[in-house]
file query24.cif (mmCIF, C-alpha atoms)
data_final
#
loop_
_atom_site.label_atom_id
_atom_site.label_comp_id
_atom_site.auth_asym_id
_atom_site.auth_seq_id
_atom_site.Cartn_x
_atom_site.Cartn_y
_atom_site.Cartn_z
CA MET A 1 -193.04 -53.00 -99.65
CA THR A 2 -192.42 -49.86 -101.70
CA GLN A 3 -188.76 -49.18 -102.36
CA GLN A 4 -187.96 -45.65 -101.27
CA PRO A 5 -184.69 -45.36 -103.20
CA SER A 6 -186.61 -45.33 -106.51
CA HIS A 7 -187.62 -41.66 -106.13
CA ARG A 8 -184.12 -40.69 -105.09
CA GLY A 9 -182.69 -42.70 -107.97
CA LEU A 10 -184.96 -40.89 -110.41
CA ARG A 11 -183.79 -37.51 -109.21
CA ALA A 12 -180.17 -38.66 -109.51
CA GLY A 13 -180.85 -39.81 -113.04
CA LEU A 14 -182.44 -36.48 -113.88
CA ALA A 15 -179.40 -34.70 -112.52
CA LEU A 16 -177.23 -36.69 -114.89
CA LEU A 17 -179.55 -35.98 -117.77
CA VAL A 18 -179.90 -32.23 -117.39
CA ALA A 19 -176.71 -31.20 -115.67
CA THR A 20 -174.44 -34.27 -115.67
CA SER A 21 -174.07 -33.81 -111.93
CA ILE A 22 -176.24 -31.67 -109.64
CA ALA A 23 -173.36 -31.55 -107.20
CA GLY A 24 -170.85 -30.60 -109.85
CA LEU A 25 -171.09 -29.40 -113.42
CA ALA A 26 -174.17 -27.25 -113.05
CA THR A 27 -174.94 -25.66 -109.71
CA PRO A 28 -178.59 -24.66 -109.34
CA ALA A 29 -179.07 -20.92 -109.45
CA LEU A 30 -181.60 -21.40 -106.69
CA SER A 31 -183.75 -24.11 -105.15
CA GLN A 32 -187.18 -22.74 -104.50
CA ASN A 33 -190.71 -23.56 -103.42
CA VAL A 34 -193.02 -22.76 -106.28
CA PRO A 35 -196.69 -23.14 -107.06
CA VAL A 36 -197.49 -26.24 -109.07
CA PRO A 37 -197.67 -24.89 -112.64
CA LYS A 38 -200.99 -25.05 -114.42
CA PRO A 39 -201.17 -27.29 -117.50
CA ALA A 40 -200.62 -25.44 -120.75
CA PRO A 41 -203.83 -24.90 -122.75
CA LYS A 42 -204.65 -27.51 -125.39
CA LEU A 43 -206.15 -26.40 -128.67
CA ARG A 44 -209.33 -27.97 -129.93
CA GLU A 45 -209.46 -30.23 -132.94
CA GLY A 46 -208.20 -28.35 -135.99
CA GLY A 47 -205.52 -26.48 -134.08
CA ALA A 48 -201.88 -27.15 -134.91
CA GLN A 49 -200.45 -26.95 -131.42
CA MET A 50 -200.26 -29.58 -128.72
CA SER A 51 -199.63 -29.56 -125.01
CA ALA A 52 -198.31 -31.82 -122.30
CA GLN A 53 -201.87 -33.02 -121.83
CA ASP A 54 -201.50 -35.02 -125.04
CA LYS A 55 -199.72 -37.99 -123.53
CA THR A 56 -199.30 -39.81 -126.84
CA PRO A 57 -197.63 -37.43 -129.31
CA ALA A 58 -198.78 -37.81 -132.90
CA THR A 59 -196.25 -39.36 -135.24
CA THR A 60 -195.80 -39.56 -138.96
CA GLY A 61 -195.91 -43.37 -138.92
CA ALA A 62 -197.36 -46.23 -136.91
CA THR A 63 -197.10 -45.91 -133.14
CA GLN A 64 -194.05 -47.76 -131.90
CA ALA A 65 -193.61 -49.81 -128.77
CA ALA A 66 -191.08 -48.58 -126.23
CA PRO A 67 -187.59 -49.66 -127.32
CA ASN A 68 -185.01 -51.36 -125.16
CA PRO A 69 -182.27 -48.76 -124.74
CA VAL A 70 -178.77 -49.86 -125.70
CA ILE A 71 -176.80 -49.66 -122.47
CA PRO A 72 -173.12 -48.83 -123.05
CA ASN A 73 -170.49 -51.20 -121.71
CA PRO A 74 -169.48 -49.69 -118.35
CA ASN A 75 -165.92 -50.91 -118.94
CA ARG A 76 -165.58 -49.09 -122.25
CA ASN A 77 -162.52 -46.90 -122.64
CA VAL A 78 -163.08 -43.90 -124.89
CA PRO A 79 -159.83 -42.10 -125.82
CA ALA A 80 -159.76 -38.65 -124.25
CA ASN A 81 -157.74 -36.80 -126.85
CA VAL A 82 -158.62 -33.21 -127.70
CA PHE A 83 -156.51 -33.60 -130.83
CA ALA A 84 -158.31 -36.72 -132.04
CA THR A 85 -158.24 -37.15 -135.80
CA PHE A 86 -160.86 -38.92 -137.87
CA ASP A 87 -160.79 -40.54 -141.28
CA ALA A 88 -163.03 -39.49 -144.15
CA ASN A 89 -165.73 -42.00 -143.25
CA GLN A 90 -165.87 -40.87 -139.61
CA LYS A 91 -166.03 -37.22 -140.70
CA ALA A 92 -168.88 -38.07 -143.06
CA GLN A 93 -170.78 -39.87 -140.30
CA ALA A 94 -170.32 -36.95 -137.89
CA ALA A 95 -171.44 -34.55 -140.62
CA ARG A 96 -174.56 -36.64 -141.17
CA VAL A 97 -175.47 -36.44 -137.49
CA SER A 98 -174.72 -32.69 -137.45
CA SER A 99 -176.90 -32.12 -140.50
CA TYR A 100 -179.77 -34.08 -138.98
CA LEU A 101 -179.63 -32.21 -135.67
CA SER A 102 -179.39 -28.86 -137.46
CA SER A 103 -182.39 -29.70 -139.67
CA LEU A 104 -184.71 -30.15 -136.70
CA GLN A 105 -186.77 -27.22 -135.53
CA THR A 106 -189.36 -29.12 -133.51
CA LEU A 107 -189.42 -32.69 -132.27
CA VAL A 108 -192.07 -34.50 -130.27
CA GLY A 109 -192.04 -38.07 -129.03
CA ASN A 110 -191.82 -40.57 -126.19
CA PHE A 111 -188.79 -41.60 -124.19
CA VAL A 112 -187.49 -44.36 -121.93
CA GLN A 113 -184.81 -43.39 -119.40
CA VAL A 114 -182.48 -45.89 -117.74
CA GLY A 115 -180.67 -44.61 -114.67
CA PRO A 116 -177.29 -45.69 -113.28
CA ASP A 117 -179.05 -48.16 -110.98
CA GLY A 118 -180.95 -49.76 -113.88
CA SER A 119 -184.28 -48.15 -112.97
CA ARG A 120 -186.54 -47.26 -115.90
CA THR A 121 -188.91 -44.36 -116.32
CA LYS A 122 -190.98 -43.29 -119.31
CA GLY A 123 -192.66 -40.17 -120.56
CA ASP A 124 -193.14 -37.66 -123.36
CA PHE A 125 -190.87 -34.89 -124.60
CA TYR A 126 -191.31 -31.71 -126.67
CA ILE A 127 -188.50 -29.75 -128.34
CA GLN A 128 -188.61 -26.37 -130.01
CA LYS A 129 -185.28 -25.00 -131.15
CA PRO A 130 -183.32 -23.12 -130.22
CA GLY A 131 -183.04 -24.00 -126.56
CA LYS A 132 -186.54 -25.10 -125.55
CA VAL A 133 -187.49 -28.54 -124.26
CA ARG A 134 -189.98 -30.18 -121.93
CA PHE A 135 -189.78 -33.71 -120.48
CA GLU A 136 -192.97 -34.99 -118.86
CA TYR A 137 -192.44 -38.17 -116.81
CA ASP A 138 -195.31 -40.62 -116.56
CA ASP A 139 -197.07 -41.14 -113.22
CA PRO A 140 -196.25 -41.82 -110.49
CA SER A 141 -193.15 -39.68 -111.11
CA PRO A 142 -193.75 -36.05 -110.08
CA ILE A 143 -190.88 -34.77 -112.22
CA ALA A 144 -190.90 -32.41 -115.20
CA ILE A 145 -187.94 -30.76 -116.92
CA VAL A 146 -188.44 -27.45 -118.71
CA ALA A 147 -185.97 -25.28 -120.63
CA ASP A 148 -187.06 -21.86 -121.90
CA GLY A 149 -184.07 -21.03 -124.09
CA SER A 150 -181.71 -19.80 -121.39
CA ALA A 151 -182.61 -21.50 -118.11
CA LEU A 152 -183.55 -25.07 -117.30
CA ALA A 153 -185.80 -26.11 -114.41
CA VAL A 154 -186.14 -29.52 -112.79
CA ARG A 155 -189.59 -29.48 -111.17
CA ASP A 156 -190.92 -31.78 -108.49
CA ARG A 157 -194.70 -31.42 -108.25
CA LYS A 158 -194.88 -33.60 -105.14
CA LEU A 159 -192.45 -31.44 -103.19
CA ALA A 160 -193.51 -28.22 -104.97
CA THR A 161 -189.86 -27.35 -105.65
CA GLN A 162 -187.71 -26.70 -108.63
CA ASP A 163 -183.97 -26.35 -109.27
CA ILE A 164 -182.80 -23.82 -111.84
CA TYR A 165 -179.72 -24.37 -114.04
CA PRO A 166 -178.15 -22.33 -116.82
CA LEU A 167 -178.98 -24.21 -120.02
CA SER A 168 -175.44 -23.52 -121.23
CA GLN A 169 -174.09 -25.83 -118.50
CA THR A 170 -176.17 -28.87 -119.44
CA PRO A 171 -175.56 -31.53 -122.11
CA LEU A 172 -178.98 -30.80 -123.59
CA ARG A 173 -177.64 -27.64 -125.21
CA PHE A 174 -176.07 -29.73 -127.99
CA LEU A 175 -179.44 -31.21 -128.89
CA LEU A 176 -181.16 -27.83 -128.67
CA SER A 177 -178.71 -25.73 -130.69
CA ASP A 178 -180.27 -24.11 -133.75
CA ARG A 179 -177.41 -25.33 -135.91
CA ILE A 180 -174.36 -27.37 -134.92
CA ASP A 181 -171.24 -28.81 -136.49
CA LEU A 182 -170.17 -31.46 -134.00
CA LEU A 183 -166.55 -31.67 -135.17
CA LYS A 184 -166.11 -27.88 -135.05
CA ASP A 185 -168.34 -26.85 -132.18
CA THR A 186 -167.68 -29.65 -129.69
CA ASN A 187 -164.84 -31.89 -128.52
CA VAL A 188 -165.68 -35.12 -130.34
CA VAL A 189 -163.53 -37.99 -129.07
CA SER A 190 -165.18 -40.92 -130.84
CA VAL A 191 -167.16 -41.59 -134.01
CA THR A 192 -168.24 -45.16 -134.68
CA ALA A 193 -170.81 -46.84 -136.92
CA ASP A 194 -172.22 -50.31 -137.38
CA ASP A 195 -175.23 -51.67 -139.27
CA VAL A 196 -177.66 -50.09 -136.81
CA TYR A 197 -176.24 -46.92 -135.24
CA ILE A 198 -173.93 -44.01 -135.82
CA SER A 199 -172.48 -43.05 -132.42
CA VAL A 200 -170.76 -39.75 -131.69
CA THR A 201 -169.20 -39.16 -128.27
CA ILE A 202 -168.57 -35.63 -127.02
CA GLU A 203 -166.31 -34.99 -124.06
CA GLU A 204 -166.18 -32.01 -121.73
CA LYS A 205 -163.54 -31.31 -119.12
CA GLN A 206 -163.76 -28.96 -116.18
CA ALA A 207 -160.76 -28.52 -113.92
CA LEU A 208 -162.62 -28.66 -110.61
CA ILE A 209 -165.26 -31.21 -111.58
CA GLY A 210 -163.73 -33.74 -113.94
CA THR A 211 -164.67 -35.21 -117.29
CA SER A 212 -168.18 -35.87 -118.54
CA ARG A 213 -169.37 -37.34 -121.83
CA LEU A 214 -172.43 -37.27 -124.05
CA MET A 215 -172.90 -40.08 -126.58
CA LEU A 216 -175.46 -39.46 -129.33
CA MET A 217 -176.79 -42.40 -131.35
CA VAL A 218 -178.57 -41.98 -134.68
CA GLY A 219 -180.13 -44.76 -136.75
CA VAL A 220 -178.16 -45.74 -139.84
CA LYS A 221 -181.25 -46.60 -141.91
CA ASP A 222 -183.60 -43.74 -141.08
CA GLY A 223 -181.07 -41.12 -139.89
CA GLN A 224 -183.19 -40.31 -136.82
CA LEU A 225 -182.10 -39.75 -133.25
CA LYS A 226 -182.42 -42.99 -131.27
CA GLN A 227 -180.86 -42.30 -127.89
CA TRP A 228 -178.20 -40.50 -125.91
CA THR A 229 -176.13 -41.42 -122.89
CA VAL A 230 -174.74 -38.95 -120.37
CA THR A 231 -171.72 -40.13 -118.36
CA ASP A 232 -170.99 -38.11 -115.24
CA PRO A 233 -167.46 -37.45 -113.88
CA GLN A 234 -167.82 -40.46 -111.57
CA GLY A 235 -168.45 -42.71 -114.58
CA TYR A 236 -172.17 -43.30 -114.03
CA ASP A 237 -174.39 -43.51 -117.13
CA THR A 238 -177.93 -42.31 -117.74
CA THR A 239 -179.38 -43.41 -121.08
CA VAL A 240 -182.44 -41.93 -122.77
CA ALA A 241 -183.97 -43.71 -125.78
CA VAL A 242 -186.55 -41.83 -127.87
CA TYR A 243 -189.27 -43.14 -130.20
CA ASN A 244 -192.54 -42.19 -131.92
CA LEU A 245 -190.76 -39.12 -133.21
CA ASP A 246 -192.61 -36.36 -135.06
CA SER A 247 -190.66 -33.39 -136.44
CA THR A 248 -193.65 -31.77 -138.18
CA ARG A 249 -195.97 -30.95 -135.28
CA LYS A 250 -196.01 -27.41 -133.92
CA VAL A 251 -195.69 -27.23 -130.17
CA ASP A 252 -197.53 -24.93 -127.77
CA PRO A 253 -195.01 -22.23 -126.63
CA GLY A 254 -196.64 -22.33 -123.19
CA LEU A 255 -195.02 -25.69 -122.54
CA PHE A 256 -191.63 -24.04 -122.21
CA LYS A 257 -192.49 -21.32 -119.71
CA ILE A 258 -190.75 -21.55 -116.34
CA ASP A 259 -192.69 -20.24 -113.35
CA PHE A 260 -190.29 -17.82 -111.64
CA THR A 261 -192.94 -16.54 -109.23
CA ASN A 262 -190.72 -17.05 -106.19
CA TYR A 263 -187.45 -16.81 -108.04
CA VAL A 264 -185.03 -14.18 -106.80
CA THR A 265 -182.19 -13.26 -109.14
CA PRO A 266 -178.87 -13.49 -107.23
CA ALA A 267 -177.01 -10.23 -106.82
CA ASN A 268 -174.14 -9.67 -109.25
#
call {"tool": "encode", "arguments": {"input": "query24.cif", "output": "structure tokens"}}
result
Amino acid sequence: MTQQPSHRGLRAGLALLVATSIAGLATPALSQNVPVPKPAPKLREGGAQMSAQDKTPATTGATQAAPNPVIPNPNRNVPANVFATFDANQKAQAARVSSYLSSLQTLVGNFVQVGPDGSRTKGDFYIQKPGKVRFEYDDPSPIAIVADGSALAVRDRKLATQDIYPLSQTPLRFLLSDRIDLLKDTNVVSVTADDVYISVTIEEKQALIGTSRLMLMVGVKDGQLKQWTVTDPQGYDTTVAVYNLDSTRKVDPGLFKIDFTNYVTPAN
């Protein structure tokens, strides 16, 4: 028997990923029925661009198997101190992560997402900074996430709907910033490192919603992004691990276009 909650669980996980909480931190500008967008054009061999049709993004090394995401301890207690101070080593680690994120202009790869209920979904992602990203979830998921630099859409091809969010209200903006200094531009509450990962936790507080967190994890050896975890105000985690990363491939700009055909701008 097919479990119906899986589709609902996926949408809940997406809400955590793109807006921390659909019911809270980022209210959709509008839910709308939209035509199913046409696939972006794919260039022939010899072209430099790629589209969502290329389900296995090219990488600079050997193709990797999907990793097992590191799931944070749900009982962890991260100090929530806006005046947190860090020693020289922690500052150096945060600076390393900031430098890496700022150096990226494009990034293509695969991802594995683990929702609060433990469900796993996979797919491909495409980033073009500043502010543009596309997440394509593998079948049978009908979901795609697209950010065009200012707005972010969560599309459901099966229902022919999409929810629109301001990109500025989603945790993804930290990953998509052209340049960022985590210690100066965000509220960093924790910087830790072991033999495998450097972990930086960013906290955001909103009076009416509560506290949310974004934990970024970068590999110690290769300095590449490995995963992030979004914690919503209710304490539920959604973790996304990325692999087969390629920061040299140009990405088709058409991937980041949001179809606003039936979108009506709310009155000021």
call {"tool": "atom_distance", "arguments": {"input": "query24.cif", "atom1": "CA of Lys132 (chain A)", "atom2": "CA of Ile258 (chain A)"}}
result
10.7 Å
call {"tool": "residues_around", "arguments": {"input": "query24.cif", "residues": "Thr186 (chain A)", "least_positions_apart": "5", "cutoff": "8 Å", "atoms": "all atoms listed in the file", "output": "number ranges by chain"}}
result
A: 181, 202-203
call {"tool": "resolve_selection", "arguments": {"input": "query24.cif", "expression": "the PyMOL selection byres ((chain A and resi 108) around 8)", "output": "number ranges by chain"}}
result
A: 57-58, 106-107, 109-110, 124-127, 244-247, 249
call {"tool": "write_last_selection", "arguments": {"input": "query24.cif", "atoms": "C-alpha atoms", "output": "compact mmCIF listing (two decimals), keeping the file's coordinate frame"}}
result
# COMPACT_ATOMS: atom_id res chain seq x y z
CA PRO A 57 -197.63 -37.43 -129.31
CA ALA A 58 -198.78 -37.81 -132.90
CA THR A 106 -189.36 -29.12 -133.51
CA LEU A 107 -189.42 -32.69 -132.27
CA GLY A 109 -192.04 -38.07 -129.03
CA ASN A 110 -191.82 -40.57 -126.19
CA ASP A 124 -193.14 -37.66 -123.36
CA PHE A 125 -190.87 -34.89 -124.60
CA TYR A 126 -191.31 -31.71 -126.67
CA ILE A 127 -188.50 -29.75 -128.34
CA ASN A 244 -192.54 -42.19 -131.92
CA LEU A 245 -190.76 -39.12 -133.21
CA ASP A 246 -192.61 -36.36 -135.06
CA SER A 247 -190.66 -33.39 -136.44
CA ARG A 249 -195.97 -30.95 -135.28
call {"tool": "atom_distance", "arguments": {"input": "query24.cif", "atom1": "CA of Met215 (chain A)", "atom2": "CA of Thr201 (chain A)"}}
result
4.2 Å
call {"tool": "atom_distance", "arguments": {"input": "query24.cif", "atom1": "CA of Ser103 (chain A)", "atom2": "CA of Thr229 (chain A)"}}
result
21.4 Å
call {"tool": "resolve_selection", "arguments": {"input": "query24.cif", "expression": "the PyMOL selection byres ((chain A and resi 211) around 9)", "output": "NGL selection string"}}
result
:A and (203-207 or 209-210 or 212-213 or 231-235)
call {"tool": "residues_around", "arguments": {"input": "query24.cif", "residues": "Lys221 (chain A)", "least_positions_apart": "6", "cutoff": "9 Å", "atoms": "all atoms listed in the file", "output": "number ranges by chain"}}
result
A: 195-197
call {"tool": "write_last_selection", "arguments": {"input": "query24.cif", "atoms": "C-alpha atoms", "output": "PDB file, in the coordinates of the input"}}
result
ATOM      1  CA  ASP A 195    -175.230 -51.670-139.270  1.00  0.00           C
ATOM      2  CA  VAL A 196    -177.660 -50.090-136.810  1.00  0.00           C
ATOM      3  CA  TYR A 197    -176.240 -46.920-135.240  1.00  0.00           C
TER       4      TYR A 197
END
call {"tool": "closest_residue", "arguments": {"input": "query24.cif", "among": "A:Ile198, A:Leu183, A:Val188, A:Leu176", "to": "Gly223 (chain A)", "atoms": "all atoms listed in the file"}}
result
A:Ile198
call {"tool": "closest_residue", "arguments": {"input": "query24.cif", "among": "A:Asp87, A:Asp117, A:Asp237, A:Asp259", "to": "Ala160 (chain A)", "atoms": "all atoms listed in the file"}}
result
A:Asp259
call {"tool": "residues_around", "arguments": {"input": "query24.cif", "residues": "Leu216 (chain A)", "least_positions_apart": "3", "cutoff": "6 Å", "atoms": "all atoms listed in the file", "output": "PDB file with C-alpha atoms, in the frame of the given file"}}
result
ATOM      1  CA  SER A 199    -172.480 -43.050-132.420  1.00  0.00           C
ATOM      2  CA  VAL A 200    -170.760 -39.750-131.690  1.00  0.00           C
ATOM      3  CA  TRP A 228    -178.200 -40.500-125.910  1.00  0.00           C
TER       4      TRP A 228
END
call {"tool": "closest_residue", "arguments": {"input": "query24.cif", "among": "A:Arg120, A:Lys129, A:Arg155, A:Arg134", "to": "Phe174 (chain A)", "atoms": "only C-alpha atoms"}}
result
A:Lys129
call {"tool": "closest_residue", "arguments": {"input": "query24.cif", "among": "A:Val220, A:Val114, A:Ala65, A:Ala144", "to": "Val97 (chain A)", "atoms": "only C-alpha atoms"}}
result
A:Val220
call {"tool": "resolve_selection", "arguments": {"input": "query24.cif", "expression": "the PyMOL selection byres ((chain A and resi 113) around 10)", "output": "PyMOL selection string"}}
result
chain A and resi 10+13-14+17+68-69+111-112+114-116+118-123+137+227-229+238-242
call {"tool": "decode", "arguments": {"input": "query24.cif", "residues": "region 236-252 of chain A", "atoms": "N, CA, C and O atoms", "output": "PDB file, in the first residue's frame"}}
result
ATOM      1  N   TYR A 236      12.308  21.254  14.209  1.00  0.00           N
ATOM      2  CA  TYR A 236      12.406  20.181  13.232  1.00  0.00           C
ATOM      3  C   TYR A 236      13.511  20.481  12.218  1.00  0.00           C
ATOM      4  O   TYR A 236      13.631  21.604  11.721  1.00  0.00           O
ATOM      5  N   ASP A 237      14.305  19.448  11.903  1.00  0.00           N
ATOM      6  CA  ASP A 237      15.450  19.589  11.007  1.00  0.00           C
ATOM      7  C   ASP A 237      15.169  19.033   9.624  1.00  0.00           C
ATOM      8  O   ASP A 237      14.566  17.970   9.476  1.00  0.00           O
ATOM      9  N   THR A 238      15.663  19.741   8.607  1.00  0.00           N
ATOM     10  CA  THR A 238      15.745  19.220   7.247  1.00  0.00           C
ATOM     11  C   THR A 238      17.196  19.352   6.812  1.00  0.00           C
ATOM     12  O   THR A 238      17.755  20.447   6.844  1.00  0.00           O
ATOM     13  N   THR A 239      17.808  18.235   6.430  1.00  0.00           N
ATOM     14  CA  THR A 239      19.214  18.215   6.063  1.00  0.00           C
ATOM     15  C   THR A 239      19.368  17.925   4.574  1.00  0.00           C
ATOM     16  O   THR A 239      18.710  17.032   4.040  1.00  0.00           O
ATOM     17  N   VAL A 240      20.232  18.679   3.924  1.00  0.00           N
ATOM     18  CA  VAL A 240      20.520  18.496   2.503  1.00  0.00           C
ATOM     19  C   VAL A 240      22.013  18.276   2.341  1.00  0.00           C
ATOM     20  O   VAL A 240      22.819  19.152   2.685  1.00  0.00           O
ATOM     21  N   ALA A 241      22.405  17.102   1.860  1.00  0.00           N
ATOM     22  CA  ALA A 241      23.811  16.796   1.572  1.00  0.00           C
ATOM     23  C   ALA A 241      24.030  16.899   0.068  1.00  0.00           C
ATOM     24  O   ALA A 241      23.187  16.454  -0.724  1.00  0.00           O
ATOM     25  N   VAL A 242      25.147  17.506  -0.353  1.00  0.00           N
ATOM     26  CA  VAL A 242      25.425  17.713  -1.767  1.00  0.00           C
ATOM     27  C   VAL A 242      26.703  16.976  -2.156  1.00  0.00           C
ATOM     28  O   VAL A 242      27.607  16.780  -1.343  1.00  0.00           O
ATOM     29  N   TYR A 243      26.777  16.561  -3.428  1.00  0.00           N
ATOM     30  CA  TYR A 243      27.932  15.793  -3.904  1.00  0.00           C
ATOM     31  C   TYR A 243      28.024  15.911  -5.419  1.00  0.00           C
ATOM     32  O   TYR A 243      27.152  16.512  -6.058  1.00  0.00           O
ATOM     33  N   ASN A 244      29.100  15.352  -5.998  1.00  0.00           N
ATOM     34  CA  ASN A 244      29.374  15.516  -7.425  1.00  0.00           C
ATOM     35  C   ASN A 244      29.371  16.986  -7.818  1.00  0.00           C
ATOM     36  O   ASN A 244      28.758  17.388  -8.818  1.00  0.00           O
ATOM     37  N   LEU A 245      30.060  17.793  -7.036  1.00  0.00           N
ATOM     38  CA  LEU A 245      30.033  19.239  -7.247  1.00  0.00           C
ATOM     39  C   LEU A 245      30.944  19.665  -8.388  1.00  0.00           C
ATOM     40  O   LEU A 245      32.053  19.155  -8.547  1.00  0.00           O
ATOM     41  N   ASP A 246      30.468  20.624  -9.178  1.00  0.00           N
ATOM     42  CA  ASP A 246      31.245  21.202 -10.268  1.00  0.00           C
ATOM     43  C   ASP A 246      31.038  22.714 -10.229  1.00  0.00           C
ATOM     44  O   ASP A 246      29.923  23.194 -10.422  1.00  0.00           O
ATOM     45  N   SER A 247      32.105  23.456  -9.987  1.00  0.00           N
ATOM     46  CA  SER A 247      32.016  24.916  -9.905  1.00  0.00           C
ATOM     47  C   SER A 247      32.545  25.585 -11.176  1.00  0.00           C
ATOM     48  O   SER A 247      32.716  26.810 -11.202  1.00  0.00           O
ATOM     49  N   THR A 248      32.790  24.800 -12.221  1.00  0.00           N
ATOM     50  CA  THR A 248      33.343  25.361 -13.457  1.00  0.00           C
ATOM     51  C   THR A 248      32.337  25.407 -14.595  1.00  0.00           C
ATOM     52  O   THR A 248      32.558  26.114 -15.588  1.00  0.00           O
ATOM     53  N   ARG A 249      31.261  24.664 -14.493  1.00  0.00           N
ATOM     54  CA  ARG A 249      30.300  24.557 -15.599  1.00  0.00           C
ATOM     55  C   ARG A 249      29.362  25.760 -15.636  1.00  0.00           C
ATOM     56  O   ARG A 249      28.788  26.140 -14.614  1.00  0.00           O
ATOM     57  N   LYS A 250      29.217  26.359 -16.815  1.00  0.00           N
ATOM     58  CA  LYS A 250      28.239  27.429 -16.988  1.00  0.00           C
ATOM     59  C   LYS A 250      26.846  26.819 -17.032  1.00  0.00           C
ATOM     60  O   LYS A 250      26.654  25.716 -17.527  1.00  0.00           O
ATOM     61  N   VAL A 251      25.893  27.561 -16.507  1.00  0.00           N
ATOM     62  CA  VAL A 251      24.533  27.054 -16.393  1.00  0.00           C
ATOM     63  C   VAL A 251      23.597  27.872 -17.275  1.00  0.00           C
ATOM     64  O   VAL A 251      23.726  29.099 -17.371  1.00  0.00           O
ATOM     65  N   ASP A 252      22.668  27.210 -17.917  1.00  0.00           N
ATOM     66  CA  ASP A 252      21.684  27.861 -18.772  1.00  0.00           C
ATOM     67  C   ASP A 252      20.846  28.841 -17.954  1.00  0.00           C
ATOM     68  O   ASP A 252      20.167  28.434 -17.005  1.00  0.00           O
TER      69      ASP A 252
END
